[in-house]
Amino acid sequence: MDNRRHPRFPVRFHSSFSSINVVSGNGILHNLSLCGCQISSAMHVRPGTGMELSIEASDNGPPILISQAIVRWSRDGRFGLEFLDLRETEWTKLQRLVKELEKEPYQRQIEDEQSWRAGRSRQ
């Protein structure tokens, strides 16, 4: 039984992470939620390591910056992060992203098509 407070969404975003004098690297972010994520990376990190995280959720927008996260587990080239602190603007961006991920895939596709058509009509 999964007792998580927030649902997780399967994603595949590029990410980068760093901690003071301990580790830094890049990875692929999976299973995003409002309070954490899973990252796959060649870099080995230890549980308990605090770090900053940058989530590249969009090709055309700025990354979401998590100013403080902690590694809760690490195994087989993956690790789980719990988000501890982020600025209000970053929290808003994360909430918007998760709200978008909550939509049914066909609903996102319809909205993308409507947005594309609206953009073409302005040209």
# chains A, B, ... in the order shown; residues from 1 in each chain; ligands from 1
>>> residues_around(residues="stretch 63-79 of chain A", least_positions_apart="6", cutoff="9 Å", atoms="only C-alpha atoms", output="ChimeraX atom specification")
/A:15,36-57,85-87,90-91,93-94
>>> atom_distance(atom1="atom CA of A:Phe9", atom2="atom CA of A:Glu102")
7.9 Å
>>> atom_distance(atom1="atom CA of A:Asn31", atom2="atom CA of A:Glu82")
11.8 Å
>>> select_by_dssp(residues="stretch 59-99 of chain A", states="helix (DSSP H, G or I)", output="list in words")
Glu88, Thr89, Glu90, Trp91, Thr92, Lys93, Leu94, Gln95, Arg96, Leu97, Val98 and Lys99 of chain A
>>> write_last_selection(atoms="N, CA and C atoms", output="mmCIF file, in the first residue's frame")
data_model
loop_
_atom_site.group_PDB
_atom_site.id
_atom_site.type_symbol
_atom_site.label_atom_id
_atom_site.label_comp_id
_atom_site.auth_asym_id
_atom_site.auth_seq_id
_atom_site.Cartn_x
_atom_site.Cartn_y
_atom_site.Cartn_z
ATOM 1 N N GLU A 88 8.980 30.950 -3.382
ATOM 2 C CA GLU A 88 7.553 30.999 -3.711
ATOM 3 C C GLU A 88 7.325 30.937 -5.224
ATOM 4 N N THR A 89 8.162 31.635 -5.996
ATOM 5 C CA THR A 89 8.001 31.607 -7.458
ATOM 6 C C THR A 89 8.248 30.209 -8.016
ATOM 7 N N GLU A 90 9.203 29.494 -7.442
ATOM 8 C CA GLU A 90 9.507 28.130 -7.897
ATOM 9 C C GLU A 90 8.395 27.168 -7.476
ATOM 10 N N TRP A 91 7.847 27.384 -6.282
ATOM 11 C CA TRP A 91 6.720 26.571 -5.805
ATOM 12 C C TRP A 91 5.530 26.722 -6.753
ATOM 13 N N THR A 92 5.276 27.964 -7.194
ATOM 14 C CA THR A 92 4.188 28.215 -8.132
ATOM 15 C C THR A 92 4.428 27.481 -9.449
ATOM 16 N N LYS A 93 5.663 27.528 -9.949
ATOM 17 C CA LYS A 93 5.974 26.814 -11.197
ATOM 18 C C LYS A 93 5.793 25.311 -11.033
ATOM 19 N N LEU A 94 6.228 24.767 -9.901
ATOM 20 C CA LEU A 94 6.068 23.335 -9.644
ATOM 21 C C LEU A 94 4.587 22.965 -9.562
ATOM 22 N N GLN A 95 3.791 23.782 -8.877
ATOM 23 C CA GLN A 95 2.355 23.519 -8.779
ATOM 24 C C GLN A 95 1.685 23.537 -10.156
ATOM 25 N N ARG A 96 2.057 24.499 -10.992
ATOM 26 C CA ARG A 96 1.500 24.567 -12.359
ATOM 27 C C ARG A 96 1.858 23.318 -13.156
ATOM 28 N N LEU A 97 3.102 22.900 -13.044
ATOM 29 C CA LEU A 97 3.545 21.718 -13.769
ATOM 30 C C LEU A 97 2.769 20.482 -13.326
ATOM 31 N N VAL A 98 2.645 20.283 -12.035
ATOM 32 C CA VAL A 98 1.922 19.112 -11.520
ATOM 33 C C VAL A 98 0.453 19.175 -11.912
ATOM 34 N N LYS A 99 -0.127 20.369 -11.880
ATOM 35 C CA LYS A 99 -1.528 20.512 -12.300
ATOM 36 C C LYS A 99 -1.683 20.096 -13.759
#
>>> atom_distance(atom1="atom CA of A:Ser18", atom2="atom CA of A:Leu34")
20.0 Å
